[in-house]
file structure02.pdb (PDB, C-alpha atoms)
ATOM      1  CA  MET M   1      74.539  94.900  88.614
ATOM      2  CA  THR M   2      70.928  95.080  89.782
ATOM      3  CA  TRP M   3      69.446  95.045  86.289
ATOM      4  CA  ILE M   4      71.547  91.985  85.408
ATOM      5  CA  THR M   5      70.278  90.064  88.444
ATOM      6  CA  ILE M   6      66.704  91.153  87.678
ATOM      7  CA  MET M   7      67.115  89.923  84.082
ATOM      8  CA  PHE M   8      68.476  86.577  85.298
ATOM      9  CA  ALA M   9      65.640  86.352  87.840
ATOM     10  CA  ILE M  10      63.067  86.817  85.058
ATOM     11  CA  ILE M  11      64.776  84.138  82.947
ATOM     12  CA  TRP M  12      64.924  81.859  86.011
ATOM     13  CA  VAL M  13      61.188  82.279  86.695
ATOM     14  CA  TYR M  14      60.417  81.531  83.037
ATOM     15  CA  VAL M  15      62.566  78.360  83.066
ATOM     16  CA  ILE M  16      60.845  77.205  86.288
ATOM     17  CA  THR M  17      57.397  77.715  84.741
ATOM     18  CA  VAL M  18      58.478  75.760  81.648
ATOM     19  CA  CYS M  19      59.695  72.898  83.846
ATOM     20  CA  LYS M  20      56.427  72.982  85.802
ATOM     21  CA  ARG M  21      54.235  72.917  82.665
ATOM     22  CA  SER M  22      56.356  70.111  81.188
ATOM     23  CA  ASN M  23      56.155  68.033  84.397
ATOM     24  CA  LEU M  24      59.943  68.069  84.698
ATOM     25  CA  PHE M  25      59.778  67.918  88.487
ATOM     26  CA  PHE M  26      63.433  67.016  89.034
ATOM     27  CA  TRP M  27      64.678  69.960  86.976
ATOM     28  CA  GLU M  28      62.124  72.269  88.575
ATOM     29  CA  PHE M  29      63.465  71.259  92.006
ATOM     30  CA  VAL M  30      67.166  71.532  91.073
ATOM     31  CA  LEU M  31      66.983  74.750  89.056
ATOM     32  CA  GLY M  32      64.483  76.297  91.448
ATOM     33  CA  SER M  33      66.493  75.511  94.588
ATOM     34  CA  VAL M  34      69.836  76.592  93.142
ATOM     35  CA  GLY M  35      68.376  79.758  91.648
ATOM     36  CA  LEU M  36      66.524  80.734  94.809
ATOM     37  CA  PHE M  37      69.661  80.152  96.883
ATOM     38  CA  VAL M  38      71.768  82.346  94.577
ATOM     39  CA  PHE M  39      69.193  85.162  94.502
ATOM     40  CA  MET M  40      68.820  85.045  98.297
ATOM     41  CA  LEU M  41      72.604  85.336  98.630
ATOM     42  CA  ILE M  42      72.638  88.311  96.279
ATOM     43  CA  TRP M  43      69.624  90.194  97.660
ATOM     44  CA  LEU M  44      69.008  89.031 101.244
ATOM     45  CA  GLU M  45      72.431  88.120 102.609
ATOM     46  CA  PRO M  46      73.751  91.725 102.801
ATOM     47  CA  VAL M  47      70.623  92.733 104.734
ATOM     48  CA  VAL M  48      70.381  89.868 107.242
ATOM     49  CA  VAL M  49      74.017  89.029 108.083
ATOM     50  CA  ALA M  50      74.701  91.883 110.538
ATOM     51  CA  PRO M  51      71.472  91.425 112.571
ATOM     52  CA  LEU M  52      72.010  87.653 112.555
ATOM     53  CA  GLN M  53      75.598  88.019 113.825
ATOM     54  CA  LYS M  54      74.425  90.236 116.675
ATOM     55  CA  SER M  55      71.523  87.900 117.480
ATOM     56  CA  VAL M  56      73.771  84.824 117.659
ATOM     57  CA  ALA M  57      76.234  86.707 119.887
ATOM     58  CA  ALA M  58      73.409  88.024 122.114
ATOM     59  CA  VAL M  59      71.682  84.664 122.625
ATOM     60  CA  ALA M  60      74.995  82.860 123.142
ATOM     61  CA  GLY M  61      75.929  85.650 125.546
ATOM     62  CA  VAL M  62      72.907  84.876 127.720
ATOM     63  CA  ILE M  63      74.215  81.328 128.160
ATOM     64  CA  GLY M  64      77.718  82.696 128.772
ATOM     65  CA  SER M  65      76.457  85.100 131.437
ATOM     66  CA  LEU M  66      74.426  82.396 133.187
ATOM     67  CA  THR M  67      77.374  80.000 133.277
ATOM     68  CA  GLY M  68      80.105  82.621 133.768
ATOM     69  CA  ILE M  69      82.185  80.997 131.039
ATOM     70  CA  PHE M  70      82.309  83.883 128.532
ATOM     71  CA  ASP M  71      81.068  87.428 127.980
ATOM     72  CA  SER M  72      79.184  88.764 124.989
ATOM     73  CA  PHE M  73      79.692  92.059 123.227
ATOM     74  CA  PHE M  74      76.780  91.468 120.880
ATOM     75  CA  GLN M  75      76.821  95.014 119.459
ATOM     76  CA  ASN M  76      80.095  94.047 117.778
ATOM     77  CA  GLY M  77      79.195  90.371 117.301
ATOM     78  CA  MET M  78      81.971  89.228 119.639
ATOM     79  CA  LEU M  79      82.392  86.801 122.518
ATOM     80  CA  PHE M  80      85.217  87.037 125.040
ATOM     81  CA  ILE M  81      86.461  83.896 126.814
ATOM     82  CA  GLN M  82      88.816  84.241 129.772
ATOM     83  CA  HIS M  83      90.017  81.462 132.024
ATOM     84  CA  GLY M  84      93.061  81.801 134.199
ATOM     85  CA  GLY M  85      95.803  83.409 132.124
ATOM     86  CA  ASP M  86      94.197  82.493 128.809
ATOM     87  CA  SER M  87      91.848  84.801 126.952
ATOM     88  CA  LEU M  88      90.338  84.596 123.497
ATOM     89  CA  SER M  89      88.012  86.793 121.485
ATOM     90  CA  LEU M  90      85.606  85.016 119.161
ATOM     91  CA  TYR M  91      84.119  87.093 116.338
ATOM     92  CA  ILE M  92      80.805  85.911 114.877
ATOM     93  CA  ASP M  93      81.470  86.447 111.190
ATOM     94  CA  PHE M  94      79.552  85.662 107.986
ATOM     95  CA  GLU M  95      80.191  81.911 108.250
ATOM     96  CA  CYS M  96      79.373  81.711 111.970
ATOM     97  CA  SER M  97      76.078  83.569 111.539
ATOM     98  CA  GLY M  98      74.365  80.532 109.980
ATOM     99  CA  VAL M  99      72.972  82.572 107.086
ATOM    100  CA  ILE M 100      74.228  80.176 104.398
ATOM    101  CA  GLU M 101      72.668  77.155 106.103
ATOM    102  CA  MET M 102      69.354  78.971 106.580
ATOM    103  CA  MET M 103      69.199  80.065 102.949
ATOM    104  CA  ALA M 104      70.127  76.600 101.677
ATOM    105  CA  PHE M 105      67.383  75.080 103.831
ATOM    106  CA  LEU M 106      64.782  77.588 102.591
ATOM    107  CA  ALA M 107      65.816  77.159  98.942
ATOM    108  CA  LEU M 108      65.417  73.389  99.144
ATOM    109  CA  LEU M 109      62.181  73.579 101.130
ATOM    110  CA  TRP M 110      60.350  75.977  98.807
ATOM    111  CA  PHE M 111      60.884  73.725  95.800
ATOM    112  CA  PHE M 112      60.384  70.429  97.621
ATOM    113  CA  PRO M 113      57.133  69.069  96.155
ATOM    114  CA  VAL M 114      55.766  67.454  99.320
ATOM    115  CA  TYR M 115      54.479  70.432 101.295
ATOM    116  CA  LYS M 116      51.520  72.736 100.685
ATOM    117  CA  PHE M 117      52.005  76.510 100.777
ATOM    118  CA  HIS M 118      50.894  77.057 104.386
ATOM    119  CA  GLU M 119      52.984  74.072 105.524
ATOM    120  CA  ARG M 120      56.047  75.579 103.840
ATOM    121  CA  ILE M 121      55.601  78.794 105.805
ATOM    122  CA  ILE M 122      55.374  76.940 109.131
ATOM    123  CA  VAL M 123      58.262  74.569 108.327
ATOM    124  CA  SER M 124      60.362  77.537 107.141
ATOM    125  CA  LEU M 125      59.916  79.347 110.445
ATOM    126  CA  LEU M 126      60.563  76.213 112.505
ATOM    127  CA  GLY M 127      63.590  75.285 110.379
ATOM    128  CA  ILE M 128      65.146  78.739 110.664
ATOM    129  CA  ALA M 129      64.597  78.661 114.433
ATOM    130  CA  ALA M 130      66.156  75.177 114.665
ATOM    131  CA  ILE M 131      69.210  76.208 112.626
ATOM    132  CA  PHE M 132      69.595  79.383 114.695
ATOM    133  CA  VAL M 133      69.439  77.494 118.017
ATOM    134  CA  THR M 134      71.824  74.812 116.734
ATOM    135  CA  ASN M 135      74.245  77.486 115.587
ATOM    136  CA  VAL M 136      74.090  79.208 118.991
ATOM    137  CA  LEU M 137      74.774  75.863 120.708
ATOM    138  CA  ARG M 138      77.699  75.308 118.326
ATOM    139  CA  ILE M 139      79.203  78.659 119.333
ATOM    140  CA  VAL M 140      78.619  77.869 123.025
ATOM    141  CA  LEU M 141      80.314  74.481 122.559
ATOM    142  CA  ILE M 142      83.388  76.221 121.116
ATOM    143  CA  CYS M 143      83.478  78.630 124.070
ATOM    144  CA  VAL M 144      83.067  75.838 126.631
ATOM    145  CA  LEU M 145      85.862  73.764 125.086
ATOM    146  CA  VAL M 146      88.202  76.779 124.984
ATOM    147  CA  TYR M 147      87.290  77.632 128.584
ATOM    148  CA  ILE M 148      87.998  74.084 129.804
ATOM    149  CA  PHE M 149      91.043  73.153 127.705
ATOM    150  CA  GLY M 150      92.579  76.546 126.897
ATOM    151  CA  GLU M 151      93.030  78.456 123.678
ATOM    152  CA  GLY M 152      95.203  75.690 122.189
ATOM    153  CA  ILE M 153      92.072  73.657 121.414
ATOM    154  CA  TYR M 154      90.363  76.493 119.537
ATOM    155  CA  PHE M 155      91.192  75.155 116.067
ATOM    156  CA  TYR M 156      89.864  71.660 116.854
ATOM    157  CA  ALA M 157      86.873  73.015 118.772
ATOM    158  CA  HIS M 158      85.852  75.278 115.876
ATOM    159  CA  THR M 159      86.842  73.144 112.906
ATOM    160  CA  VAL M 160      86.127  69.618 114.136
ATOM    161  CA  TYR M 161      83.991  69.184 117.264
ATOM    162  CA  ALA M 162      81.551  72.069 116.843
ATOM    163  CA  ARG M 163      81.210  71.396 113.126
ATOM    164  CA  ILE M 164      80.411  67.716 113.737
ATOM    165  CA  PHE M 165      77.764  68.767 116.276
ATOM    166  CA  PHE M 166      76.256  71.313 113.875
ATOM    167  CA  TYR M 167      76.217  68.905 110.923
ATOM    168  CA  PHE M 168      74.666  66.139 113.017
ATOM    169  CA  CYS M 169      71.826  68.472 114.056
ATOM    170  CA  THR M 170      71.423  69.724 110.479
ATOM    171  CA  ILE M 171      71.235  66.170 109.114
ATOM    172  CA  LEU M 172      68.592  65.376 111.733
ATOM    173  CA  LEU M 173      66.595  68.457 110.657
ATOM    174  CA  TYR M 174      66.887  67.506 106.972
ATOM    175  CA  PHE M 175      65.804  63.959 107.779
ATOM    176  CA  LEU M 176      62.695  65.164 109.596
ATOM    177  CA  VAL M 177      61.771  67.836 107.053
ATOM    178  CA  PHE M 178      62.638  66.121 103.778
ATOM    179  CA  THR M 179      63.168  62.368 104.116
ATOM    180  CA  LYS M 180      60.579  61.464 106.752
ATOM    181  CA  SER M 181      57.872  63.717 105.286
ATOM    182  CA  HIS M 182      58.492  62.272 101.826
ATOM    183  CA  ILE M 183      58.255  58.693 103.104
ATOM    184  CA  ILE M 184      55.058  59.428 105.029
ATOM    185  CA  ARG M 185      53.379  61.164 102.084
ATOM    186  CA  GLN M 186      54.550  58.906  99.293
ATOM    187  CA  LYS M 187      51.935  57.164  97.264
ATOM    188  CA  VAL M 188      52.489  53.890  95.436
ATOM    189  CA  GLY M 189      49.489  52.873  93.364
ATOM    190  CA  ALA M 190      46.427  52.942  95.634
ATOM    191  CA  PHE M 191      48.574  52.671  98.765
ATOM    192  CA  SER M 192      49.692  55.713 100.760
ATOM    193  CA  TYR M 193      51.228  56.333 104.182
ATOM    194  CA  ASP M 194      49.599  59.750 104.443
ATOM    195  CA  ILE M 195      46.868  59.861 107.102
ATOM    196  CA  ASN M 196      45.030  62.705 105.331
ATOM    197  CA  ASP M 197      44.325  60.705 102.128
TER     198      ASP M 197
END

call {"tool": "encode", "arguments": {"input": "structure02.pdb", "output": "structure tokens"}}
result
Amino acid sequence: MTWITIMFAIIWVYVITVCKRSNLFFWEFVLGSVGLFVFMLIWLEPVVVAPLQKSVAAVAGVIGSLTGIFDSFFQNGMLFIQHGGDSLSLYIDFECSGVIEMMAFLALLWFFPVYKFHERIIVSLLGIAAIFVTNVLRIVLICVLVYIFGEGIYFYAHTVYARIFFYFCTILLYFLVFTKSHIIRQKVGAFSYDIND
């Protein structure tokens, strides 16, 4: 399968260069972002998921230890919540690791035509850190809700409340990184919002 993905990667790079030379910026952004996301899922995801699961469990576990609400077994990517007679084990799996959200953010960022190369590196690092922290807080929110209301709320805590929190924070990040930066740097005729012009 590796030679097939390498062949598709070469074709993808060629199509991106054609779009760039032809000033087809929209197609360069769409094809570039989608392609980069797919190739990151194929090549990077198997490498980064396990360390990311353990990192999320470890950092969330620090908060759990400080509050006494849950325990972390970060070597296995698990959190253990016990309150009264109720107990629940929470496994940080592929979806809970935040890897998909990080890769989607990076894929969009690296083909977004507003930033310079060095800015993309800085924004990439800050964005990954923001998504990681938000994901940890999402996991902590699930644990806190289960601790307070019992294991019966787990489905709603995981599927509704924590997801709304995570998406709100992600939308805020996307607004700051993509929408606000684009508005500030847009140029209409001789007029520009950018301070550096």

call {"tool": "resolve_selection", "arguments": {"input": "structure02.pdb", "expression": "the PyMOL selection byres ((chain M and resi 97) around 9)", "output": "list in words"}}
result
Val49, Ala50, Leu52, Gln53, Lys54, Ser55, Val56, Ala57, Ile92, Asp93, Phe94, Glu95, Cys96, Gly98, Val99, Ile100, Phe132, Asn135 and Val136 of chain M

call {"tool": "atom_distance", "arguments": {"input": "structure02.pdb", "atom1": "atom CA of M:Trp43", "atom2": "atom CA of M:His158"}}
result
28.6 Å

call {"tool": "closest_residue", "arguments": {"input": "structure02.pdb", "among": "M:Trp12, M:Pro51, M:Thr170, M:Val177", "to": "M:Arg120", "atoms": "all atoms listed in the file"}}
result
M:Val177

call {"tool": "closest_atom_pairs", "arguments": {"input": "structure02.pdb", "of": "stretch 108-168 of chain M", "to": "stretch 16-30 of chain M", "cutoff": "12 Å", "atoms": "only C-alpha atoms", "output": "tab-separated table"}}
result
residue	atom	partner	partner_atom	distance
M:Leu108	CA	M:Phe29	CA	7.7
M:Leu109	CA	M:Phe29	CA	9.5
M:Trp110	CA	M:Phe29	CA	8.8
M:Phe111	CA	M:Phe29	CA	5.2
M:Phe112	CA	M:Phe29	CA	6.5
M:Pro113	CA	M:Phe29	CA	7.9
M:Val114	CA	M:Phe29	CA	11.3

call {"tool": "write_last_selection", "arguments": {"input": "structure02.pdb", "atoms": "C-alpha atoms", "output": "PDB file, in the frame of the given file"}}
result
ATOM      1  CA  LEU M 108      65.417  73.389  99.144  1.00  0.00           C
ATOM      2  CA  LEU M 109      62.181  73.579 101.130  1.00  0.00           C
ATOM      3  CA  TRP M 110      60.350  75.977  98.807  1.00  0.00           C
ATOM      4  CA  PHE M 111      60.884  73.725  95.800  1.00  0.00           C
ATOM      5  CA  PHE M 112      60.384  70.429  97.621  1.00  0.00           C
ATOM      6  CA  PRO M 113      57.133  69.069  96.155  1.00  0.00           C
ATOM      7  CA  VAL M 114      55.766  67.454  99.320  1.00  0.00           C
TER       8      VAL M 114
END

call {"tool": "closest_residue", "arguments": {"input": "structure02.pdb", "among": "M:Ala60, M:Cys143, M:Met103, M:Leu173", "to": "M:Leu126", "atoms": "only C-alpha atoms"}}
result
M:Leu173

call {"tool": "residues_around", "arguments": {"input": "structure02.pdb", "residues": "M:Leu106", "least_positions_apart": "6", "cutoff": "10 Å", "atoms": "only C-alpha atoms", "output": "list in words"}}
result
Ser33, Leu36, Phe37, Met40, Ile100, Phe112, Arg120, Ile121, Val123, Ser124, Leu125, Gly127 and Ile128 of chain M

call {"tool": "resolve_selection", "arguments": {"input": "structure02.pdb", "expression": "the PyMOL selection byres ((chain M and resi 63) around 12)", "output": "number ranges by chain"}}
result
M: 56-62, 64-72, 79, 133, 136-137, 139-141, 143-144

call {"tool": "atom_distance", "arguments": {"input": "structure02.pdb", "atom1": "atom CA of M:Glu101", "atom2": "atom CA of M:Ile81"}}
result
25.8 Å

call {"tool": "axis_aligned_box", "arguments": {"input": "structure02.pdb", "around": "stretch 109-128 of chain M", "padding_each_side": "3 Å", "output": "AutoDock Vina command-line options"}}
result
--center_x 58.0 --center_y 73.4 --center_z 104.2 --size_x 20.3 --size_y 17.9 --size_z 22.7

call {"tool": "decode", "arguments": {"input": "structure02.pdb", "residues": "stretch 41-183 of chain M", "atoms": "C-alpha atoms", "output": "PDB file, in the first residue's frame"}}
result
ATOM      1  CA  LEU M  41      -4.184  10.239   8.555  1.00  0.00           C
ATOM      2  CA  ILE M  42      -2.409   7.552   6.553  1.00  0.00           C
ATOM      3  CA  TRP M  43       1.178   8.293   7.614  1.00  0.00           C
ATOM      4  CA  LEU M  44       1.092  10.208  10.916  1.00  0.00           C
ATOM      5  CA  GLU M  45      -2.014   8.975  12.715  1.00  0.00           C
ATOM      6  CA  PRO M  46      -0.658   5.460  13.481  1.00  0.00           C
ATOM      7  CA  VAL M  47       2.477   7.032  14.976  1.00  0.00           C
ATOM      8  CA  VAL M  48       0.940   9.796  17.110  1.00  0.00           C
ATOM      9  CA  VAL M  49      -2.311   8.279  18.437  1.00  0.00           C
ATOM     10  CA  ALA M  50      -0.831   6.143  21.246  1.00  0.00           C
ATOM     11  CA  PRO M  51       1.432   8.900  22.675  1.00  0.00           C
ATOM     12  CA  LEU M  52      -1.430  11.395  22.365  1.00  0.00           C
ATOM     13  CA  GLN M  53      -3.837   9.079  24.227  1.00  0.00           C
ATOM     14  CA  LYS M  54      -1.344   8.670  27.060  1.00  0.00           C
ATOM     15  CA  SER M  55      -0.620  12.411  27.147  1.00  0.00           C
ATOM     16  CA  VAL M  56      -4.313  13.335  27.373  1.00  0.00           C
ATOM     17  CA  ALA M  57      -4.826  10.763  30.147  1.00  0.00           C
ATOM     18  CA  ALA M  58      -1.702  11.964  32.012  1.00  0.00           C
ATOM     19  CA  VAL M  59      -2.552  15.679  31.897  1.00  0.00           C
ATOM     20  CA  ALA M  60      -6.205  15.032  32.755  1.00  0.00           C
ATOM     21  CA  GLY M  61      -4.959  12.777  35.547  1.00  0.00           C
ATOM     22  CA  VAL M  62      -3.050  15.667  37.117  1.00  0.00           C
ATOM     23  CA  ILE M  63      -6.323  17.590  37.401  1.00  0.00           C
ATOM     24  CA  GLY M  64      -8.051  14.453  38.704  1.00  0.00           C
ATOM     25  CA  SER M  65      -5.380  13.926  41.360  1.00  0.00           C
ATOM     26  CA  LEU M  66      -5.501  17.563  42.478  1.00  0.00           C
ATOM     27  CA  THR M  67      -9.287  17.517  42.799  1.00  0.00           C
ATOM     28  CA  GLY M  68      -9.622  13.905  43.986  1.00  0.00           C
ATOM     29  CA  ILE M  69     -12.409  13.316  41.477  1.00  0.00           C
ATOM     30  CA  PHE M  70     -10.770  10.611  39.327  1.00  0.00           C
ATOM     31  CA  ASP M  71      -7.555   8.628  38.944  1.00  0.00           C
ATOM     32  CA  SER M  72      -5.429   8.273  35.839  1.00  0.00           C
ATOM     33  CA  PHE M  73      -3.772   5.151  34.524  1.00  0.00           C
ATOM     34  CA  PHE M  74      -2.085   7.014  31.691  1.00  0.00           C
ATOM     35  CA  GLN M  75       0.110   4.061  30.662  1.00  0.00           C
ATOM     36  CA  ASN M  76      -3.095   2.412  29.441  1.00  0.00           C
ATOM     37  CA  GLY M  77      -4.832   5.662  28.456  1.00  0.00           C
ATOM     38  CA  MET M  78      -7.544   5.190  31.082  1.00  0.00           C
ATOM     39  CA  LEU M  79      -9.277   7.271  33.731  1.00  0.00           C
ATOM     40  CA  PHE M  80     -11.120   5.763  36.686  1.00  0.00           C
ATOM     41  CA  ILE M  81     -14.004   7.662  38.310  1.00  0.00           C
ATOM     42  CA  GLN M  82     -15.393   6.447  41.628  1.00  0.00           C
ATOM     43  CA  HIS M  83     -17.982   8.187  43.751  1.00  0.00           C
ATOM     44  CA  GLY M  84     -19.942   6.399  46.411  1.00  0.00           C
ATOM     45  CA  GLY M  85     -21.091   3.077  44.978  1.00  0.00           C
ATOM     46  CA  ASP M  86     -20.661   4.182  41.372  1.00  0.00           C
ATOM     47  CA  SER M  87     -17.486   3.595  39.404  1.00  0.00           C
ATOM     48  CA  LEU M  88     -16.674   4.079  35.749  1.00  0.00           C
ATOM     49  CA  SER M  89     -13.598   3.533  33.621  1.00  0.00           C
ATOM     50  CA  LEU M  90     -13.064   5.972  30.772  1.00  0.00           C
ATOM     51  CA  TYR M  91     -10.749   4.838  27.972  1.00  0.00           C
ATOM     52  CA  ILE M  92      -9.092   7.561  25.884  1.00  0.00           C
ATOM     53  CA  ASP M  93      -9.457   6.068  22.425  1.00  0.00           C
ATOM     54  CA  PHE M  94      -8.699   7.292  18.892  1.00  0.00           C
ATOM     55  CA  GLU M  95     -11.608   9.758  18.875  1.00  0.00           C
ATOM     56  CA  CYS M  96     -10.906  11.101  22.375  1.00  0.00           C
ATOM     57  CA  SER M  97      -7.226  11.710  21.610  1.00  0.00           C
ATOM     58  CA  GLY M  98      -7.994  14.797  19.496  1.00  0.00           C
ATOM     59  CA  VAL M  99      -5.778  13.620  16.637  1.00  0.00           C
ATOM     60  CA  ILE M 100      -8.441  14.141  13.958  1.00  0.00           C
ATOM     61  CA  GLU M 101      -9.128  17.711  15.075  1.00  0.00           C
ATOM     62  CA  MET M 102      -5.410  18.529  15.193  1.00  0.00           C
ATOM     63  CA  MET M 103      -4.788  17.145  11.714  1.00  0.00           C
ATOM     64  CA  ALA M 104      -7.817  18.935  10.265  1.00  0.00           C
ATOM     65  CA  PHE M 105      -6.606  22.206  11.784  1.00  0.00           C
ATOM     66  CA  LEU M 106      -3.076  21.740  10.402  1.00  0.00           C
ATOM     67  CA  ALA M 107      -4.346  20.747   6.942  1.00  0.00           C
ATOM     68  CA  LEU M 108      -6.485  23.874   6.695  1.00  0.00           C
ATOM     69  CA  LEU M 109      -3.797  26.139   8.143  1.00  0.00           C
ATOM     70  CA  TRP M 110      -0.983  25.072   5.811  1.00  0.00           C
ATOM     71  CA  PHE M 111      -3.024  25.883   2.716  1.00  0.00           C
ATOM     72  CA  PHE M 112      -4.687  29.011   4.091  1.00  0.00           C
ATOM     73  CA  PRO M 113      -3.193  31.827   1.991  1.00  0.00           C
ATOM     74  CA  VAL M 114      -3.028  34.481   4.715  1.00  0.00           C
ATOM     75  CA  TYR M 115      -0.003  33.412   6.748  1.00  0.00           C
ATOM     76  CA  LYS M 116       3.702  33.440   5.905  1.00  0.00           C
ATOM     77  CA  PHE M 117       5.795  30.310   6.455  1.00  0.00           C
ATOM     78  CA  HIS M 118       7.199  31.255   9.875  1.00  0.00           C
ATOM     79  CA  GLU M 119       3.740  32.386  11.026  1.00  0.00           C
ATOM     80  CA  ARG M 120       2.303  29.007  10.019  1.00  0.00           C
ATOM     81  CA  ILE M 121       4.846  27.225  12.201  1.00  0.00           C
ATOM     82  CA  ILE M 122       4.002  29.368  15.242  1.00  0.00           C
ATOM     83  CA  VAL M 123       0.226  29.178  14.678  1.00  0.00           C
ATOM     84  CA  SER M 124       0.499  25.401  14.152  1.00  0.00           C
ATOM     85  CA  LEU M 125       2.204  24.920  17.507  1.00  0.00           C
ATOM     86  CA  LEU M 126      -0.208  27.242  19.316  1.00  0.00           C
ATOM     87  CA  GLY M 127      -3.225  25.640  17.623  1.00  0.00           C
ATOM     88  CA  ILE M 128      -2.140  22.106  18.502  1.00  0.00           C
ATOM     89  CA  ALA M 129      -1.560  23.196  22.106  1.00  0.00           C
ATOM     90  CA  ALA M 130      -4.994  24.874  22.232  1.00  0.00           C
ATOM     91  CA  ILE M 131      -6.752  21.795  20.827  1.00  0.00           C
ATOM     92  CA  PHE M 132      -4.860  19.537  23.241  1.00  0.00           C
ATOM     93  CA  VAL M 133      -5.781  21.659  26.286  1.00  0.00           C
ATOM     94  CA  THR M 134      -9.405  21.936  25.140  1.00  0.00           C
ATOM     95  CA  ASN M 135      -9.565  18.183  24.674  1.00  0.00           C
ATOM     96  CA  VAL M 136      -8.133  17.602  28.165  1.00  0.00           C
ATOM     97  CA  LEU M 137     -10.728  19.998  29.623  1.00  0.00           C
ATOM     98  CA  ARG M 138     -13.440  18.133  27.698  1.00  0.00           C
ATOM     99  CA  ILE M 139     -12.342  14.841  29.268  1.00  0.00           C
ATOM    100  CA  VAL M 140     -12.203  16.475  32.718  1.00  0.00           C
ATOM    101  CA  LEU M 141     -15.717  17.867  32.191  1.00  0.00           C
ATOM    102  CA  ILE M 142     -16.996  14.350  31.446  1.00  0.00           C
ATOM    103  CA  CYS M 143     -15.327  13.015  34.603  1.00  0.00           C
ATOM    104  CA  VAL M 144     -16.686  15.842  36.770  1.00  0.00           C
ATOM    105  CA  LEU M 145     -20.240  15.354  35.493  1.00  0.00           C
ATOM    106  CA  VAL M 146     -20.057  11.584  36.074  1.00  0.00           C
ATOM    107  CA  TYR M 147     -18.606  12.172  39.549  1.00  0.00           C
ATOM    108  CA  ILE M 148     -21.380  14.616  40.502  1.00  0.00           C
ATOM    109  CA  PHE M 149     -24.412  13.009  38.836  1.00  0.00           C
ATOM    110  CA  GLY M 150     -23.413   9.336  38.633  1.00  0.00           C
ATOM    111  CA  GLU M 151     -22.696   7.030  35.739  1.00  0.00           C
ATOM    112  CA  GLY M 152     -26.227   7.466  34.347  1.00  0.00           C
ATOM    113  CA  ILE M 153     -25.222  10.837  32.877  1.00  0.00           C
ATOM    114  CA  TYR M 154     -22.191   9.444  31.046  1.00  0.00           C
ATOM    115  CA  PHE M 155     -23.886   9.298  27.637  1.00  0.00           C
ATOM    116  CA  TYR M 156     -25.110  12.911  27.843  1.00  0.00           C
ATOM    117  CA  ALA M 157     -21.854  14.132  29.382  1.00  0.00           C
ATOM    118  CA  HIS M 158     -19.774  12.551  26.603  1.00  0.00           C
ATOM    119  CA  THR M 159     -22.082  12.991  23.630  1.00  0.00           C
ATOM    120  CA  VAL M 160     -23.764  16.321  24.367  1.00  0.00           C
ATOM    121  CA  TYR M 161     -22.250  18.567  27.050  1.00  0.00           C
ATOM    122  CA  ALA M 162     -18.549  17.863  26.535  1.00  0.00           C
ATOM    123  CA  ARG M 163     -18.942  17.912  22.762  1.00  0.00           C
ATOM    124  CA  ILE M 164     -20.696  21.299  22.862  1.00  0.00           C
ATOM    125  CA  PHE M 165     -17.863  22.643  25.036  1.00  0.00           C
ATOM    126  CA  PHE M 166     -15.201  21.246  22.692  1.00  0.00           C
ATOM    127  CA  TYR M 167     -16.908  22.548  19.545  1.00  0.00           C
ATOM    128  CA  PHE M 168     -17.412  25.991  21.071  1.00  0.00           C
ATOM    129  CA  CYS M 169     -13.685  26.221  21.870  1.00  0.00           C
ATOM    130  CA  THR M 170     -12.769  24.885  18.419  1.00  0.00           C
ATOM    131  CA  ILE M 171     -15.017  27.432  16.690  1.00  0.00           C
ATOM    132  CA  LEU M 172     -13.383  30.177  18.756  1.00  0.00           C
ATOM    133  CA  LEU M 173      -9.928  28.927  17.689  1.00  0.00           C
ATOM    134  CA  TYR M 174     -10.978  28.790  14.022  1.00  0.00           C
ATOM    135  CA  PHE M 175     -12.420  32.291  14.282  1.00  0.00           C
ATOM    136  CA  LEU M 176      -9.177  33.682  15.687  1.00  0.00           C
ATOM    137  CA  VAL M 177      -6.885  31.795  13.312  1.00  0.00           C
ATOM    138  CA  PHE M 178      -8.844  31.943  10.062  1.00  0.00           C
ATOM    139  CA  THR M 179     -11.668  34.493  10.101  1.00  0.00           C
ATOM    140  CA  LYS M 180     -10.145  37.290  12.180  1.00  0.00           C
ATOM    141  CA  SER M 181      -6.713  37.042  10.533  1.00  0.00           C
ATOM    142  CA  HIS M 182      -8.320  37.111   7.090  1.00  0.00           C
ATOM    143  CA  ILE M 183     -10.397  40.186   7.945  1.00  0.00           C
TER     144      ILE M 183
END
